[in-house]
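Asks: Just one file: upload_12.cif, with mmCIF, C-alpha atoms.
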```cif
data_structure
#
loop_
_atom_site.label_atom_id
_atom_site.label_comp_id
_atom_site.auth_asym_id
_atom_site.auth_seq_id
_atom_site.Cartn_x
_atom_site.Cartn_y
_atom_site.Cartn_z
CA MET A 1 111.69 121.74 118.03
CA ILE A 2 111.68 117.95 117.61
CA LEU A 3 113.33 116.28 114.63
CA ILE A 4 111.38 113.22 113.45
CA VAL A 5 113.49 110.83 111.42
CA ASN A 6 111.75 108.74 108.76
CA VAL A 7 113.59 105.47 108.03
CA CYS A 8 111.05 104.03 105.54
CA PHE A 9 112.31 103.09 102.10
CA GLU A 10 108.76 102.72 100.79
CA LYS A 11 107.11 106.12 100.48
CA LEU A 12 103.66 104.82 101.47
CA HIS A 13 104.94 103.62 104.86
CA TYR A 14 105.31 107.23 105.99
CA LEU A 15 101.53 107.26 106.58
CA GLU A 16 101.70 104.18 108.81
CA PHE A 17 104.91 104.68 110.79
CA VAL A 18 105.72 108.40 110.82
CA LYS A 19 102.44 110.29 110.51
CA PRO A 20 100.88 108.68 113.64
CA VAL A 21 103.86 110.04 115.65
CA GLU A 22 103.49 113.46 113.98
CA ASP A 23 99.76 113.44 114.78
CA ILE A 24 100.48 112.96 118.51
CA LEU A 25 102.79 115.99 118.44
CA VAL A 26 100.32 118.09 116.42
CA LYS A 27 97.53 117.28 118.86
CA ASN A 28 99.68 118.44 121.77
CA ASN A 29 101.12 121.55 120.09
CA VAL A 30 104.66 120.20 120.01
CA LYS A 31 106.69 121.72 117.16
CA PHE A 32 108.56 119.33 114.89
CA LYS A 33 110.00 118.79 111.45
CA THR A 34 110.33 115.47 109.65
CA LYS A 35 113.29 114.39 107.53
CA HIS A 36 114.22 111.15 105.80
CA TYR A 37 117.40 109.67 107.28
CA LYS A 38 119.22 110.03 103.98
CA GLU A 39 118.50 113.78 103.91
CA ILE A 40 119.50 114.81 107.44
CA ASN A 41 122.05 117.62 107.66
CA GLN A 42 123.94 119.25 110.56
CA LYS A 43 121.32 121.99 110.87
CA ASP A 44 118.57 119.37 111.37
CA LEU A 45 120.59 117.82 114.19
CA GLY A 46 120.38 121.13 116.03
CA ALA A 47 116.83 120.16 117.06
CA ASP A 48 116.10 119.97 120.80
CA LYS A 49 115.19 116.28 120.67
CA ILE A 50 115.11 113.56 118.02
CA ILE A 51 112.65 110.69 117.40
CA ILE A 52 113.64 107.90 115.00
CA CYS A 53 110.45 106.13 113.87
CA GLY A 54 109.94 102.50 112.88
CA THR A 55 108.99 100.92 109.59
CA SER A 56 107.38 97.77 108.20
CA LEU A 57 108.48 94.16 108.71
CA LYS A 58 109.98 93.92 105.24
CA ASP A 59 111.23 97.49 104.82
CA ASP A 60 114.75 97.12 106.24
CA ASP A 61 116.78 99.24 103.85
CA TYR A 62 118.13 101.10 106.91
CA LEU A 63 120.06 97.98 107.94
CA ASP A 64 122.20 98.34 104.81
CA ASN A 65 122.88 102.00 105.60
CA ILE A 66 123.66 101.97 109.31
CA SER A 67 126.66 104.28 108.80
CA GLU A 68 124.17 107.04 107.84
CA PHE A 69 123.28 107.09 111.55
CA ASN A 70 126.81 107.64 112.87
CA TRP A 71 125.66 111.09 114.02
CA ILE A 72 123.98 109.32 116.97
CA LYS A 73 127.44 108.60 118.44
CA ASP A 74 128.19 112.30 118.89
CA CYS A 75 124.65 113.46 119.56
CA LYS A 76 124.20 115.17 122.92
CA LYS A 77 120.44 115.73 122.44
CA PRO A 78 117.87 113.22 123.71
CA VAL A 79 117.12 110.60 121.04
CA LEU A 80 114.17 108.18 121.14
CA GLY A 81 114.34 105.20 118.79
CA ILE A 82 111.10 103.35 118.06
CA CYS A 83 111.37 99.72 116.85
CA ALA A 84 113.70 100.11 113.83
CA GLY A 85 114.94 103.29 115.54
CA MET A 86 115.82 101.30 118.65
CA GLN A 87 117.63 98.70 116.54
CA ILE A 88 119.62 101.48 114.84
CA ILE A 89 120.74 102.92 118.20
CA GLY A 90 121.81 99.44 119.33
CA LEU A 91 123.72 98.64 116.14
CA ILE A 92 125.56 101.99 116.17
CA PHE A 93 126.93 101.05 119.60
CA GLY A 94 128.04 97.54 118.66
CA GLY A 95 124.84 95.60 119.48
CA LYS A 96 123.98 92.38 117.68
CA LEU A 97 120.94 91.96 115.43
CA LYS A 98 118.84 88.94 116.39
CA ARG A 99 115.86 87.36 114.69
CA LYS A 100 112.51 87.24 116.49
CA THR A 101 109.13 87.85 114.91
CA GLU A 102 106.41 89.35 117.09
CA ILE A 103 103.22 90.80 115.58
CA GLY A 104 100.22 92.15 117.50
CA PHE A 105 99.43 92.76 121.16
CA TYR A 106 101.75 91.33 123.82
CA PHE A 107 102.01 91.91 127.56
CA GLU A 108 105.40 93.22 128.65
CA GLU A 109 106.62 94.27 132.06
CA PHE A 110 108.56 97.48 132.64
CA ASP A 111 110.55 99.27 135.29
CA SER A 112 109.93 102.98 135.16
CA PHE A 113 110.57 104.29 131.62
CA LEU A 114 109.24 107.58 130.22
CA GLY A 115 106.13 107.35 132.37
CA ILE A 116 105.30 103.68 131.86
CA SER A 117 105.78 100.97 134.45
CA GLY A 118 104.45 97.55 135.44
CA LYS A 119 102.61 95.21 133.08
CA GLN A 120 101.35 96.80 129.86
CA GLU A 121 99.83 95.58 126.62
CA VAL A 122 101.94 96.83 123.74
CA TYR A 123 101.79 96.57 119.95
CA HIS A 124 104.70 94.70 118.40
CA LEU A 125 105.64 94.64 114.73
CA HIS A 126 109.15 93.37 114.22
CA ASN A 127 111.19 90.53 112.75
CA ASN A 128 114.38 91.59 114.55
CA TYR A 129 115.60 92.96 117.84
CA VAL A 130 119.00 94.00 119.09
CA GLU A 131 121.08 92.48 121.85
CA PHE A 132 122.53 95.66 123.33
CA SER A 133 126.06 96.23 124.50
CA LYS A 134 126.45 96.19 128.30
CA ASP A 135 126.59 99.97 128.71
CA PHE A 136 122.84 100.15 127.93
CA GLU A 137 120.43 99.82 130.82
CA VAL A 138 117.55 97.43 130.05
CA LEU A 139 114.42 98.65 131.86
CA SER A 140 112.08 95.76 131.10
CA LYS A 141 111.68 92.18 132.26
CA GLY A 142 111.96 89.21 129.91
CA LYS A 143 114.53 87.86 127.51
CA ILE A 144 114.23 90.52 124.81
CA PRO A 145 115.03 94.15 125.72
CA GLN A 146 111.78 96.10 125.33
CA VAL A 147 113.08 99.46 126.52
CA VAL A 148 116.66 100.61 126.97
CA LYS A 149 118.45 103.75 128.10
CA LYS A 150 121.98 105.04 127.91
CA GLY A 151 122.48 108.67 128.87
CA ASN A 152 120.51 110.75 126.38
CA LEU A 153 119.52 107.70 124.27
CA TYR A 154 116.19 105.89 124.66
CA GLY A 155 114.91 102.87 122.74
CA VAL A 156 111.54 101.10 122.63
CA LEU A 157 111.00 97.88 120.68
CA PHE A 158 107.21 98.14 120.48
CA HIS A 159 105.16 100.90 118.80
CA PRO A 160 104.10 103.41 121.49
CA GLU A 161 102.18 105.45 118.89
CA VAL A 162 99.49 102.73 118.99
CA ARG A 163 98.68 102.30 122.71
CA GLN A 164 101.33 104.22 124.72
CA LYS A 165 101.03 107.68 123.15
CA ASP A 166 101.97 109.30 126.48
CA LEU A 167 105.41 107.71 126.31
CA ILE A 168 106.14 109.82 123.23
CA LEU A 169 104.79 112.95 124.90
CA ASN A 170 106.79 112.28 128.06
CA PHE A 171 109.91 112.08 125.91
CA CYS A 172 109.05 115.38 124.24
CA MET B 1 105.65 98.35 93.11
CA LYS B 2 102.61 96.25 92.19
CA LEU B 3 100.05 95.98 94.97
CA GLY B 4 96.85 94.11 95.69
CA VAL B 5 94.15 95.80 97.77
CA LEU B 6 91.99 93.99 100.32
CA PHE B 7 88.81 95.57 99.07
CA SER B 8 85.41 95.63 100.73
CA GLY B 9 83.87 98.37 98.61
CA GLY B 10 83.60 100.63 101.66
CA LYS B 11 85.25 103.94 102.49
CA ASP B 12 88.38 102.66 104.28
CA SER B 13 89.70 100.18 101.74
CA THR B 14 88.88 102.57 98.87
CA LEU B 15 90.59 105.54 100.56
CA ALA B 16 93.63 103.36 101.38
CA MET B 17 93.82 102.32 97.72
CA TYR B 18 93.49 105.94 96.60
CA LEU B 19 96.38 106.99 98.87
CA ALA B 20 98.53 104.15 97.51
CA ARG B 21 97.84 105.24 93.94
CA LYS B 22 98.43 108.90 94.87
CA ASN B 23 101.86 107.90 96.21
CA GLY B 24 102.78 106.32 92.89
CA TYR B 25 102.00 102.64 93.51
CA ASP B 26 100.49 100.39 90.88
CA ILE B 27 97.23 98.76 91.94
CA SER B 28 97.30 95.43 90.09
CA CYS B 29 94.32 93.68 91.62
CA LEU B 30 91.62 93.80 94.25
CA ILE B 31 90.98 90.95 96.66
CA SER B 32 87.50 90.65 98.13
CA ILE B 33 86.37 88.13 100.67
CA ILE B 34 82.68 87.43 100.60
CA SER B 35 81.88 86.18 104.07
CA GLU B 36 78.63 84.35 104.64
CA ASN B 37 78.96 85.32 108.30
CA THR B 38 77.46 88.80 108.64
CA ASP B 39 79.29 89.19 111.99
CA SER B 40 82.71 88.40 110.52
CA PHE B 41 85.53 89.80 112.68
CA MET B 42 87.73 90.29 109.65
CA PHE B 43 85.64 91.23 106.67
CA HIS B 44 82.85 93.70 106.16
CA THR B 45 79.93 92.23 104.30
CA PRO B 46 77.19 94.72 103.28
CA SER B 47 76.88 95.12 99.52
CA ILE B 48 80.05 93.14 98.88
CA LEU B 49 78.47 91.44 95.87
CA GLU B 50 78.54 94.81 94.15
CA VAL B 51 82.31 95.17 94.51
CA GLU B 52 82.82 93.59 91.11
CA LYS B 53 81.01 96.54 89.56
CA GLN B 54 83.24 98.94 91.49
CA ALA B 55 86.30 97.03 90.23
CA LYS B 56 85.03 97.28 86.66
CA CYS B 57 84.57 101.01 87.16
CA MET B 58 88.27 101.26 88.03
CA ASP B 59 89.45 98.81 85.36
CA ILE B 60 91.20 96.74 88.01
CA PRO B 61 90.91 92.94 88.05
CA ILE B 62 89.30 91.45 91.13
CA LEU B 63 89.68 88.12 92.88
CA THR B 64 86.75 87.16 95.06
CA ILE B 65 86.45 84.21 97.38
CA LYS B 66 83.53 83.05 99.45
CA THR B 67 84.06 81.95 103.02
CA LYS B 68 81.72 80.55 105.60
CA GLY B 69 83.10 83.15 107.99
CA VAL B 70 84.51 80.76 110.56
CA LYS B 71 87.00 82.83 112.57
CA GLU B 72 90.50 81.49 111.83
CA LYS B 73 89.44 79.53 108.72
CA GLU B 74 88.70 82.85 107.03
CA LEU B 75 92.36 83.70 107.34
CA LEU B 76 93.48 80.52 105.61
CA GLU B 77 91.10 81.35 102.76
CA LEU B 78 92.54 84.87 102.61
CA GLU B 79 96.09 83.54 102.54
CA LYS B 80 95.17 81.24 99.68
CA CYS B 81 93.68 84.14 97.76
CA ILE B 82 96.72 86.38 98.32
CA LYS B 83 98.95 83.52 97.10
CA GLN B 84 96.85 83.33 93.93
CA SER B 85 97.16 87.07 93.37
CA ILE B 86 100.96 86.92 93.80
CA LYS B 87 101.07 84.23 91.14
CA LYS B 88 98.55 85.78 88.76
CA TYR B 89 99.31 89.51 89.10
CA SER B 90 102.88 89.46 90.46
CA ILE B 91 101.93 91.68 93.40
CA GLU B 92 104.69 92.50 95.90
CA GLY B 93 102.47 93.88 98.64
CA ILE B 94 98.99 94.21 100.10
CA VAL B 95 97.12 97.39 100.98
CA THR B 96 94.51 97.32 103.74
CA GLY B 97 92.11 99.90 105.12
CA ALA B 98 92.92 99.04 108.74
CA VAL B 99 92.65 102.10 111.02
CA GLU B 100 92.38 100.99 114.62
CA SER B 101 91.85 97.24 114.66
CA VAL B 102 95.00 95.49 115.85
CA TYR B 103 93.07 92.23 115.50
CA GLN B 104 92.55 92.80 111.78
CA ALA B 105 95.89 94.46 111.02
CA SER B 106 98.12 91.97 112.83
CA ARG B 107 96.51 88.98 111.16
CA ILE B 108 97.11 90.42 107.71
CA GLN B 109 100.64 91.46 108.70
CA LYS B 110 101.33 87.82 109.66
CA ILE B 111 100.07 86.50 106.32
CA CYS B 112 102.14 89.03 104.35
CA ASN B 113 105.22 88.29 106.45
CA LYS B 114 104.78 84.56 105.84
CA LEU B 115 104.42 85.14 102.09
CA ASN B 116 107.37 87.59 102.12
CA ILE B 117 105.44 90.54 100.68
CA GLU B 118 104.93 94.11 101.93
CA CYS B 119 101.91 95.12 103.97
CA PHE B 120 100.68 98.72 103.73
CA ASN B 121 98.15 100.27 106.10
CA PRO B 122 98.02 103.92 104.99
CA LEU B 123 95.09 104.77 107.30
CA TRP B 124 96.74 103.27 110.40
CA GLN B 125 95.95 105.33 113.55
CA LYS B 126 94.41 108.07 111.41
CA GLY B 127 92.15 110.51 113.26
CA GLN B 128 88.48 109.74 112.78
CA TYR B 129 87.50 113.22 111.62
CA GLU B 130 90.58 113.51 109.46
CA LEU B 131 89.51 110.30 107.73
CA LEU B 132 85.99 111.64 107.11
CA ASP B 133 87.38 115.02 105.98
CA ASN B 134 89.67 113.20 103.53
CA LEU B 135 86.63 111.61 101.91
CA ILE B 136 85.15 115.03 101.26
CA LYS B 137 88.47 116.60 100.26
CA TYR B 138 89.17 113.87 97.70
CA LYS B 139 85.57 113.97 96.41
CA PHE B 140 84.47 110.50 97.49
CA GLU B 141 80.77 109.75 97.26
CA VAL B 142 80.05 107.31 100.08
CA ILE B 143 76.71 106.07 101.39
CA ILE B 144 75.77 104.31 104.61
CA THR B 145 74.69 100.72 103.93
CA GLY B 146 74.45 99.38 107.45
CA VAL B 147 74.04 100.52 111.04
CA ALA B 148 74.59 98.47 114.18
CA ALA B 149 74.65 100.73 117.23
CA TYR B 150 72.26 102.87 119.26
CA PRO B 151 71.09 105.54 118.45
CA LEU B 152 71.79 104.95 114.74
CA ASP B 153 68.63 103.74 113.04
CA LYS B 154 66.93 103.27 109.68
CA GLU B 155 67.04 107.04 109.05
CA TRP B 156 70.81 106.83 108.63
CA ILE B 157 70.65 104.15 105.93
CA GLY B 158 71.41 105.52 102.47
CA ARG B 159 72.80 108.83 103.79
CA LYS B 160 75.84 110.32 102.12
CA ILE B 161 78.96 111.14 104.09
CA ASP B 162 79.03 114.91 103.74
CA LYS B 163 79.55 117.89 106.05
CA SER B 164 76.11 117.56 107.65
CA PHE B 165 76.71 113.83 108.27
CA ILE B 166 79.99 114.67 110.04
CA LYS B 167 78.28 117.33 112.14
CA GLU B 168 75.48 114.98 113.19
CA ILE B 169 77.70 111.97 113.88
CA LYS B 170 79.88 114.21 116.06
CA GLU B 171 76.83 114.89 118.23
CA LEU B 172 76.56 111.12 118.85
CA GLU B 173 79.99 110.82 120.46
CA LYS B 174 78.25 110.92 123.84
CA TYR B 175 76.78 107.50 122.91
CA LYS B 176 80.33 106.27 122.24
CA ILE B 177 79.72 106.16 118.49
CA ASN B 178 83.06 106.20 116.70
CA PRO B 179 82.49 108.92 114.05
CA ALA B 180 84.33 106.91 111.40
CA GLY B 181 82.41 103.72 112.27
CA GLU B 182 85.61 101.91 113.27
CA GLY B 183 83.80 99.95 115.97
CA GLY B 184 81.42 98.53 113.37
CA GLU B 185 78.77 101.18 114.17
CA PHE B 186 78.08 101.62 110.47
CA GLU B 187 79.12 100.21 107.12
CA THR B 188 79.63 102.11 103.89
CA PHE B 189 79.67 101.70 100.12
CA VAL B 190 81.59 103.90 97.67
CA LEU B 191 79.60 105.13 94.66
CA ASN B 192 82.28 107.41 93.27
CA CYS B 193 85.87 108.54 93.87
CA PRO B 194 88.79 109.79 91.79
CA LEU B 195 89.72 106.18 90.90
CA PHE B 196 86.35 105.52 89.24
CA LYS B 197 85.98 106.17 85.54
CA ARG B 198 82.30 107.00 86.10
CA LYS B 199 79.88 107.30 88.97
CA LEU B 200 77.88 104.22 89.97
CA LYS B 201 74.13 104.65 90.02
CA ILE B 202 71.89 102.90 92.51
CA VAL B 203 69.21 100.94 90.65
CA ASP B 204 67.68 99.02 93.53
CA THR B 205 67.86 98.81 97.30
CA LYS B 206 66.63 96.27 99.82
CA ILE B 207 66.55 97.36 103.45
CA SER B 208 66.18 94.87 106.29
CA GLY B 209 66.59 94.92 110.05
CA LYS B 210 65.04 96.44 113.13
CA ASP B 211 65.65 99.01 115.89
CA ASN B 212 69.31 100.00 115.70
CA SER B 213 70.47 97.27 113.36
CA PHE B 214 69.74 97.73 109.68
CA ARG B 215 71.43 96.88 106.44
CA MET B 216 70.78 97.89 102.89
CA GLU B 217 71.70 95.77 99.93
CA VAL B 218 72.27 98.00 96.95
CA SER B 219 72.30 97.10 93.29
CA VAL B 220 74.37 99.47 91.20
CA LYS B 221 75.17 99.92 87.53
#
```
Rewrite the structure from the file as structure tokens, please.
Replies:
Amino acid sequence: MILIVNVCFEKLHYLEFVKPVEDILVKNNVKFKTKHYKEINQKDLGADKIIICGTSLKDDDYLDNISEFNWIKDCKKPVLGICAGMQIIGLIFGGKLKRKTEIGFYFEEFDSFLGISGKQEVYHLHNNYVEFSKDFEVLSKGKIPQVVKKGNLYGVLFHPEVRQKDLILNFC
Amino acid sequence: MKLGVLFSGGKDSTLAMYLARKNGYDISCLISIISENTDSFMFHTPSILEVEKQAKCMDIPILTIKTKGVKEKELLELEKCIKQSIKKYSIEGIVTGAVESVYQASRIQKICNKLNIECFNPLWQKGQYELLDNLIKYKFEVIITGVAAYPLDKEWIGRKIDKSFIKEIKELEKYKINPAGEGGEFETFVLNCPLFKRKLKIVDTKISGKDNSFRMEVSVK
């Protein structure tokens, strides 16, 4: 069972940032349940793996509620953070929020990460990124960390649900 | 939250608007771009002159602007129009019917980000058959007003999107026809949906084109 974490403040954003991830799991018969980050309880965190989805450029309510994600510190299960989810993982471990707007397709270059490697065209939609603390391994080239890993924690800055659906399945 | 909808009168923008309303958002205005370029990358054109009648049917004010359809100039015109709607209707976000097109979605995202308003794409990455099934589930009456891909031809013009349409379009997947028309294979016009106070009636049609490229201008009342 996968726990999908919705970080959208605006209800309508669920359809754009959470449902596409759910659809990938449905299509591949992966069981999941979805909860809003403000409603997660201990029982939910008993899931086998956890995916924290992204949200829109302007919908950054989660930044004011980072302490709601303190459970990540003690989590032993694999966690994948997508865009806002990646930023949350970074901030929980003392990373610094930086401003950089990227919207649309960009080419990025990766070391091996959840089945992707080499040069790939990815879909970006963010105004911020996180400069991670040194204990995170950055598995991409370039100035801005595109994918990071630390033990059971994985982060991707772009939106794999658009063109790298296999990355999500490989995590699951 | 007050929203403006980028409205073409077709199935995607109307379904996106319906989902926004269903989720409790206030639709304050429609924004329609009338492009003189029938091959516009950004804006669908068939029957767009009738969108004002659709807007009237929903009691929602509409802002329309004409563009010559020159690629990036269209976007400046759109930005201008969104600015007007922020001022006039106090909208705090835009709804689009973008499903697959990163080209279309990212350009609108950039405009909204620049103007510091929300951008909602409730159909983003939606499955093609799920989208068509939604139209039937929510009782949309949608007709085909344009085709632009083999083997679609004049016979498809004017057809309603119903169960038999879905069955037949599915059989055309071998020709790489996207069943929801996301690659521009066909264009649509909404005659009725739960947002309309009454159904629109077709009073006149004008069909033009040849082979696998046809369009139908409809007049409705």
Asks: Give me, as a tab-separated table, the closest atom pair and its distance (Å, one decimal) for every residue of region 80-132 of chain A within a cut-off of 10 Å of region 2-15 of chain A, counting only C-alpha atoms, rows sorted by chain and rising number.
Replies:
```
residue	atom	partner	partner_atom	distance
A:Leu80	CA	A:Ile4	CA	9.6
A:Gly81	CA	A:Val5	CA	9.3
A:Ala84	CA	A:Val7	CA	7.9
A:Gly85	CA	A:Val7	CA	7.9
A:Ile88	CA	A:Val7	CA	9.9
```
Asks: Please, which residues of chain B lie no more than 7 Å from chain A when the count uses all atoms listed in the file, and can they be set out as a ChimeraX atom specification?
Replies: /B:20,23,102,106,110,118,120-126
Asks: In file coordinates, which residues lie within 12 Å of (118.9, 109.4, 103.6) using all atoms listed in the file, given as a PyMOL selection string?
Replies: chain A and resi 5-9+35-41+61-62+64-69
Asks: In Å, rounded to a single decimal, give me how far CA of Asn178 (chain B) is from CA of Val99 (chain B).
Replies: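 According to the coordinates, CA of Val99 (chain B) and CA of Asn178 (chain B) are separated by 11.9 Å.
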Asks: Would you mind listing what lies within 8 Å of region 80-83 of chain B as a list in words, with all atoms listed in the file counted and same-chain residues fewer than 5 positions away left out?
Replies: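 Counting all atoms listed in the file, the residues come to Ile31, Leu63, Ile65 and Leu115 of chain B.
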Asks: Once the PyMOL selection byres ((chain A and resi 82) around 8) has been applied to the shown file, what residues remain in the selection, as a list of chain:residue names?
Replies: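 Output from the PyMOL selection byres ((chain A and resi 82) around 8), applied to this file: A:Ile51, A:Ile52, A:Cys53, A:Gly54, A:Leu80, A:Gly81, A:Cys83, A:Ala84, A:Gly85, A:Met86, A:Gly155, A:Val156, A:Leu157, A:Phe158, A:His159, A:Pro160.
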Asks: Tell me which residues the PyMOL selection byres ((chain B and resi 211-218) around 7) grabs here, as a PyMOL selection string.
Replies: chain B and resi 46-47+145-154+157+202+204-210+219-220
Asks: Take the point (122.9, 91.8, 119.5) as written in the file and pick out every residue within 12 Å of it, counting all atoms listed in the file; give the list as an MDAnalysis selection string.
Replies: chainID A and resid 86:100 128:134 136 144:145
Asks: Please write the residues from the selection above to a file, keeping C-alpha atoms, as a JSON list (two decimals), keeping the file's coordinate frame.
Replies:
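File produced: selection.json:
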```json
[["chain", "number", "residue", "atom", "x", "y", "z"],
["A", 86, "MET", "CA", 115.82, 101.30, 118.65],
["A", 87, "GLN", "CA", 117.63, 98.70, 116.54],
["A", 88, "ILE", "CA", 119.62, 101.48, 114.84],
["A", 89, "ILE", "CA", 120.74, 102.92, 118.20],
["A", 90, "GLY", "CA", 121.81, 99.44, 119.33],
["A", 91, "LEU", "CA", 123.72, 98.64, 116.14],
["A", 92, "ILE", "CA", 125.56, 101.99, 116.17],
["A", 93, "PHE", "CA", 126.93, 101.05, 119.60],
["A", 94, "GLY", "CA", 128.04, 97.54, 118.66],
["A", 95, "GLY", "CA", 124.84, 95.60, 119.48],
["A", 96, "LYS", "CA", 123.98, 92.38, 117.68],
["A", 97, "LEU", "CA", 120.94, 91.96, 115.43],
["A", 98, "LYS", "CA", 118.84, 88.94, 116.39],
["A", 99, "ARG", "CA", 115.86, 87.36, 114.69],
["A", 100, "LYS", "CA", 112.51, 87.24, 116.49],
["A", 128, "ASN", "CA", 114.38, 91.59, 114.55],
["A", 129, "TYR", "CA", 115.60, 92.96, 117.84],
["A", 130, "VAL", "CA", 119.00, 94.00, 119.09],
["A", 131, "GLU", "CA", 121.08, 92.48, 121.85],
["A", 132, "PHE", "CA", 122.53, 95.66, 123.33],
["A", 133, "SER", "CA", 126.06, 96.23, 124.50],
["A", 134, "LYS", "CA", 126.45, 96.19, 128.30],
["A", 136, "PHE", "CA", 122.84, 100.15, 127.93],
["A", 144, "ILE", "CA", 114.23, 90.52, 124.81],
["A", 145, "PRO", "CA", 115.03, 94.15, 125.72]]
```
Asks: Around region 148-157 of chain A, fit a box with edges along x, y and z, padding it by 5 Å on each side, then list its centre and edge lengths in Å to one decimal as JSON.
Replies:
```
{"center_x": 116.7, "center_y": 104.3, "center_z": 124.8, "size_x": 21.5, "size_y": 22.9, "size_z": 18.2}
```
Asks: On this file, the PyMOL selection byres ((chain B and resi 130-132) around 12) gives some set of residues; write that set as a short mmCIF file (atom, residue, chain, number, x, y, z; two decimals) with C-alpha atoms, in the coordinates of the input.
Replies:
```cif
data_model
loop_
_atom_site.label_atom_id
_atom_site.label_comp_id
_atom_site.auth_asym_id
_atom_site.auth_seq_id
_atom_site.Cartn_x
_atom_site.Cartn_y
_atom_site.Cartn_z
CA ASP A 23 99.76 113.44 114.78
CA LYS B 11 85.25 103.94 102.49
CA ASP B 12 88.38 102.66 104.28
CA SER B 13 89.70 100.18 101.74
CA THR B 14 88.88 102.57 98.87
CA LEU B 15 90.59 105.54 100.56
CA ALA B 16 93.63 103.36 101.38
CA LEU B 19 96.38 106.99 98.87
CA GLY B 97 92.11 99.90 105.12
CA ALA B 98 92.92 99.04 108.74
CA VAL B 99 92.65 102.10 111.02
CA GLU B 100 92.38 100.99 114.62
CA PRO B 122 98.02 103.92 104.99
CA LEU B 123 95.09 104.77 107.30
CA TRP B 124 96.74 103.27 110.40
CA GLN B 125 95.95 105.33 113.55
CA LYS B 126 94.41 108.07 111.41
CA GLY B 127 92.15 110.51 113.26
CA GLN B 128 88.48 109.74 112.78
CA TYR B 129 87.50 113.22 111.62
CA ASP B 133 87.38 115.02 105.98
CA ASN B 134 89.67 113.20 103.53
CA LEU B 135 86.63 111.61 101.91
CA ILE B 136 85.15 115.03 101.26
CA LYS B 137 88.47 116.60 100.26
CA TYR B 138 89.17 113.87 97.70
CA LYS B 139 85.57 113.97 96.41
CA PHE B 140 84.47 110.50 97.49
CA GLU B 141 80.77 109.75 97.26
CA VAL B 142 80.05 107.31 100.08
CA LYS B 160 75.84 110.32 102.12
CA ILE B 161 78.96 111.14 104.09
CA ASP B 162 79.03 114.91 103.74
CA LYS B 163 79.55 117.89 106.05
CA SER B 164 76.11 117.56 107.65
CA PHE B 165 76.71 113.83 108.27
CA ILE B 166 79.99 114.67 110.04
CA LYS B 167 78.28 117.33 112.14
CA ILE B 169 77.70 111.97 113.88
CA LYS B 170 79.88 114.21 116.06
CA ASN B 178 83.06 106.20 116.70
CA PRO B 179 82.49 108.92 114.05
CA ALA B 180 84.33 106.91 111.40
CA GLY B 181 82.41 103.72 112.27
CA GLU B 182 85.61 101.91 113.27
CA THR B 188 79.63 102.11 103.89
#
```
Asks: What separation in Å, quoted to one decimal, exists between CA of Asp111 (chain A) and CA of Lys141 (chain A)?
Replies: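 Between CA of Asp111 (chain A) and CA of Lys141 (chain A) the gap is 7.8 Å.
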Asks: Excluding same-chain residues fewer than 4 positions from Val30 (chain A), what lies within 12 Å of it counting all atoms listed in the file, as a PyMOL selection string?
Replies: chain A and resi 1-4+21-26+48-49+168-172
Asks: Separation of CA of Glu185 (chain B) and CA of Glu173 (chain B), in Å?
Replies: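 Distance reported for this atom pair: 11.6 Å.
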Asks: Using only C-alpha atoms, which protein or nucleic acid residues come within 9 Å of Ile91 (chain B)? Drop anything in the same chain fewer than 6 positions from it, and give the result as a list in words.
Replies: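 In the requested form, the answer reads Met1, Lys2, Leu3, Gly4, Ile27, Ser28, Cys29, Ile82, Ser85 and Ile117 of chain B.
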Asks: For the residues in that selection, give me C-alpha atoms as a PDB file, in the frame of the given file.
Replies:
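Once written, selection_17.pdb looks like this:
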```pdb
ATOM      1  CA  MET B   1     105.650  98.350  93.110  1.00  0.00           C
ATOM      2  CA  LYS B   2     102.610  96.250  92.190  1.00  0.00           C
ATOM      3  CA  LEU B   3     100.050  95.980  94.970  1.00  0.00           C
ATOM      4  CA  GLY B   4      96.850  94.110  95.690  1.00  0.00           C
ATOM      5  CA  ILE B  27      97.230  98.760  91.940  1.00  0.00           C
ATOM      6  CA  SER B  28      97.300  95.430  90.090  1.00  0.00           C
ATOM      7  CA  CYS B  29      94.320  93.680  91.620  1.00  0.00           C
ATOM      8  CA  ILE B  82      96.720  86.380  98.320  1.00  0.00           C
ATOM      9  CA  SER B  85      97.160  87.070  93.370  1.00  0.00           C
ATOM     10  CA  ILE B 117     105.440  90.540 100.680  1.00  0.00           C
TER      11      ILE B 117
END
```
Asks: Could you complete region 57-61 of chain A so that it carries N, CA and C atoms, and give it back as a PDB file, in the frame of the given file?
Replies:
```pdb
ATOM      1  N   LEU A  57     107.711  95.387 108.475  1.00  0.00           N
ATOM      2  CA  LEU A  57     108.480  94.160 108.710  1.00  0.00           C
ATOM      3  C   LEU A  57     109.502  93.900 107.609  1.00  0.00           C
ATOM      4  N   LYS A  58     109.138  94.262 106.388  1.00  0.00           N
ATOM      5  CA  LYS A  58     109.980  93.920 105.240  1.00  0.00           C
ATOM      6  C   LYS A  58     110.878  95.086 104.796  1.00  0.00           C
ATOM      7  N   ASP A  59     110.552  96.281 105.287  1.00  0.00           N
ATOM      8  CA  ASP A  59     111.230  97.490 104.820  1.00  0.00           C
ATOM      9  C   ASP A  59     112.483  97.736 105.671  1.00  0.00           C
ATOM     10  N   ASP A  60     113.568  97.005 105.377  1.00  0.00           N
ATOM     11  CA  ASP A  60     114.750  97.120 106.240  1.00  0.00           C
ATOM     12  C   ASP A  60     115.966  97.665 105.506  1.00  0.00           C
ATOM     13  N   ASP A  61     115.710  98.566 104.596  1.00  0.00           N
ATOM     14  CA  ASP A  61     116.780  99.240 103.850  1.00  0.00           C
ATOM     15  C   ASP A  61     117.776  99.921 104.802  1.00  0.00           C
TER      16      ASP A  61
END
```
